[in-house]
Amino acid sequence: MRKWLPLGFLIVAASVTVRAHHSFAAFYNEDQSVSVQGTIVELAYKNPHAWVHFDARDNDGKVQRIGAEWANPGRLAQQGILQDTLKPGDHVIITGSPSRNPSELKMHLKGIVRVSDGWKWAGRDRR
């Protein structure tokens with residue numbers, strides 16, 4: 001019985017790790033792309049994924065708060081993107097995949113441009 005305990009622990013640990021990560025395709029229409037201009041409210045630089053929260057006007061001119069789910073902060077840091085790279089008030093254009101649920105104002109961030117200086121991030125391995 002004791003020799004099976006470590007194996008049981010490994011199986012449980014592996015299942016928790018696999019279950020904790022999700023496919024973006026489960027939540028976003030990855031085959032679609034939208035670009036939205038707005039003003040950053042917050043960069044939530046937290047695990048498991050960073051989020052950019054920004055205000056943008058809808059087709060009627062009403063301001064909407066949108067959340068853009070980004071990459072893991074560790075991966076972003078490896079690419080030189082830190083917690084203070086984007087600040088509240090920065091005007092940005094964010095490109096990404098829209099939510100599968102149209103009532104959720106969120107997207108999977110694929111690219112971002114800061115309008116004031118042209119800084120951009122255009123994907124996982126590019127700056």
# chains A, B, ... in the order shown; residues from 1 in each chain; ligands from 1
$ select_by_dssp --residues "stretch 3-122 of chain A" --states "strand (DSSP E or B)" --output "CSV table (one decimal) with N, CA and C atoms, in the first residue's frame"
chain,number,residue,atom,x,y,z
A,28,TYR,N,-13.3,32.2,-26.1
A,28,TYR,CA,-13.2,33.3,-27.1
A,28,TYR,C,-13.3,32.7,-28.5
A,34,VAL,N,-11.1,41.4,-33.7
A,34,VAL,CA,-11.6,42.7,-33.6
A,34,VAL,C,-10.5,43.6,-33.1
A,35,SER,N,-10.6,44.9,-33.4
A,35,SER,CA,-9.7,45.9,-32.9
A,35,SER,C,-10.6,47.0,-32.3
A,36,VAL,N,-10.2,47.4,-31.1
A,36,VAL,CA,-10.9,48.3,-30.3
A,36,VAL,C,-10.0,49.4,-29.7
A,37,GLN,N,-10.4,50.7,-29.9
A,37,GLN,CA,-9.6,51.8,-29.4
A,37,GLN,C,-10.2,52.2,-28.0
A,38,GLY,N,-9.3,52.5,-27.1
A,38,GLY,CA,-9.8,52.9,-25.8
A,38,GLY,C,-8.7,53.5,-24.9
A,39,THR,N,-9.1,53.7,-23.7
A,39,THR,CA,-8.2,54.3,-22.7
A,39,THR,C,-8.0,53.3,-21.5
A,40,ILE,N,-6.8,53.0,-21.2
A,40,ILE,CA,-6.5,52.0,-20.1
A,40,ILE,C,-6.9,52.6,-18.8
A,41,VAL,N,-7.6,51.7,-18.1
A,41,VAL,CA,-8.0,52.0,-16.7
A,41,VAL,C,-7.1,51.3,-15.7
A,42,GLU,N,-6.7,50.0,-16.1
A,42,GLU,CA,-5.9,49.2,-15.2
A,42,GLU,C,-5.2,48.1,-16.0
A,43,LEU,N,-3.9,47.8,-15.6
A,43,LEU,CA,-3.2,46.6,-16.0
A,43,LEU,C,-3.2,45.7,-14.8
A,44,ALA,N,-3.9,44.7,-14.8
A,44,ALA,CA,-4.0,43.7,-13.7
A,44,ALA,C,-2.9,42.7,-14.0
A,51,TRP,N,-4.5,41.0,-17.2
A,51,TRP,CA,-5.7,41.6,-17.8
A,51,TRP,C,-5.5,43.1,-18.1
A,52,VAL,N,-5.9,43.6,-19.2
A,52,VAL,CA,-5.9,45.0,-19.5
A,52,VAL,C,-7.4,45.4,-19.4
A,53,HIS,N,-7.7,46.3,-18.5
A,53,HIS,CA,-9.1,46.8,-18.4
A,53,HIS,C,-9.0,48.2,-19.0
A,54,PHE,N,-9.9,48.5,-20.0
A,54,PHE,CA,-9.9,49.7,-20.7
A,54,PHE,C,-11.4,50.2,-21.0
A,55,ASP,N,-11.5,51.5,-21.2
A,55,ASP,CA,-12.8,52.1,-21.5
A,55,ASP,C,-12.8,52.4,-23.0
A,56,ALA,N,-13.9,52.0,-23.7
A,56,ALA,CA,-14.0,52.3,-25.1
A,56,ALA,C,-15.5,52.6,-25.4
A,57,ARG,N,-15.7,53.4,-26.5
A,57,ARG,CA,-17.0,53.8,-26.8
A,57,ARG,C,-17.6,52.7,-27.8
A,63,VAL,N,-19.7,54.8,-23.3
A,63,VAL,CA,-18.5,54.2,-22.8
A,63,VAL,C,-18.7,52.9,-22.1
A,64,GLN,N,-18.0,51.9,-22.5
A,64,GLN,CA,-18.1,50.5,-22.0
A,64,GLN,C,-16.7,50.1,-21.4
A,65,ARG,N,-16.7,49.4,-20.3
A,65,ARG,CA,-15.4,48.9,-19.7
A,65,ARG,C,-15.2,47.5,-20.3
A,66,ILE,N,-14.1,47.3,-20.9
A,66,ILE,CA,-13.8,46.0,-21.6
A,66,ILE,C,-12.5,45.4,-20.9
A,67,GLY,N,-12.5,44.1,-20.7
A,67,GLY,CA,-11.4,43.4,-20.2
A,67,GLY,C,-10.7,42.6,-21.3
A,68,ALA,N,-9.4,42.7,-21.4
A,68,ALA,CA,-8.7,41.9,-22.4
A,68,ALA,C,-7.7,41.0,-21.7
A,69,GLU,N,-7.9,39.7,-21.8
A,69,GLU,CA,-7.1,38.7,-21.2
A,69,GLU,C,-5.8,38.5,-22.0
A,91,HIS,N,-3.8,55.8,-24.2
A,91,HIS,CA,-4.7,55.5,-25.3
A,91,HIS,C,-4.1,54.4,-26.1
A,92,VAL,N,-4.9,53.3,-26.3
A,92,VAL,CA,-4.4,52.1,-27.0
A,92,VAL,C,-5.4,51.6,-28.0
A,93,ILE,N,-4.9,50.8,-28.9
A,93,ILE,CA,-5.7,50.0,-29.8
A,93,ILE,C,-5.4,48.6,-29.5
A,94,ILE,N,-6.4,47.8,-29.1
A,94,ILE,CA,-6.2,46.4,-28.8
A,94,ILE,C,-6.9,45.6,-29.8
A,95,THR,N,-6.1,44.6,-30.3
A,95,THR,CA,-6.7,43.6,-31.2
A,95,THR,C,-6.7,42.2,-30.6
A,96,GLY,N,-7.8,41.5,-30.8
A,96,GLY,CA,-7.9,40.2,-30.2
A,96,GLY,C,-9.2,39.5,-30.6
A,97,SER,N,-9.4,38.4,-30.0
A,97,SER,CA,-10.6,37.5,-30.3
A,97,SER,C,-11.7,37.9,-29.3
A,98,PRO,N,-12.9,38.1,-29.8
A,98,PRO,CA,-14.0,38.4,-28.9
A,98,PRO,C,-14.5,37.2,-28.1
A,99,SER,N,-15.2,37.5,-27.0
A,99,SER,CA,-15.8,36.5,-26.2
A,99,SER,C,-16.8,35.7,-27.0
A,106,LYS,N,-15.4,41.2,-23.0
A,106,LYS,CA,-14.0,40.8,-22.8
A,106,LYS,C,-13.5,40.2,-24.1
A,107,MET,N,-12.2,40.1,-24.2
A,107,MET,CA,-11.5,39.6,-25.4
A,107,MET,C,-10.2,39.0,-25.0
A,108,HIS,N,-9.7,38.1,-25.9
A,108,HIS,CA,-8.3,37.5,-25.8
A,108,HIS,C,-7.4,38.4,-26.5
A,109,LEU,N,-6.5,39.1,-25.8
A,109,LEU,CA,-5.6,40.1,-26.4
A,109,LEU,C,-4.6,39.4,-27.2
A,110,LYS,N,-4.4,39.9,-28.5
A,110,LYS,CA,-3.5,39.3,-29.4
A,110,LYS,C,-2.4,40.4,-29.8
A,111,GLY,N,-2.8,41.6,-29.7
A,111,GLY,CA,-1.9,42.7,-30.0
A,111,GLY,C,-2.3,44.0,-29.4
A,112,ILE,N,-1.4,44.9,-29.1
A,112,ILE,CA,-1.7,46.2,-28.5
A,112,ILE,C,-0.7,47.2,-29.0
A,113,VAL,N,-1.3,48.4,-29.3
A,113,VAL,CA,-0.5,49.6,-29.7
A,113,VAL,C,-0.8,50.7,-28.8
A,114,ARG,N,0.2,51.4,-28.2
A,114,ARG,CA,0.0,52.6,-27.5
A,114,ARG,C,0.2,53.7,-28.5
A,120,LYS,N,4.4,48.8,-29.2
A,120,LYS,CA,3.4,47.8,-29.5
A,120,LYS,C,3.9,46.4,-29.1
A,121,TRP,N,3.0,45.6,-28.9
A,121,TRP,CA,3.2,44.1,-28.6
A,121,TRP,C,2.3,43.4,-29.6
$ select_by_dssp --residues "stretch 11-123 of chain A" --states "helix (DSSP H, G or I)" --output "MDAnalysis selection string"
chainID A and resid 11:20 24:26 73:78
$ atom_distance --atom1 "atom CA of A:Ala71" --atom2 "atom CA of A:Ala122"
11.9 Å
$ closest_residue --among "A:Ala26, A:Lys62, A:Asn72, A:Gln78" --to "A:Asn47" --atoms "only C-alpha atoms"
A:Asn72
$ atom_distance --atom1 "atom CA of A:Pro73" --atom2 "atom CA of A:Thr85"
11.9 Å
$ closest_residue --among "A:Asn101, A:Val115, A:Tyr45, A:Gly61" --to "A:Ile81" --atoms "only C-alpha atoms"
A:Tyr45
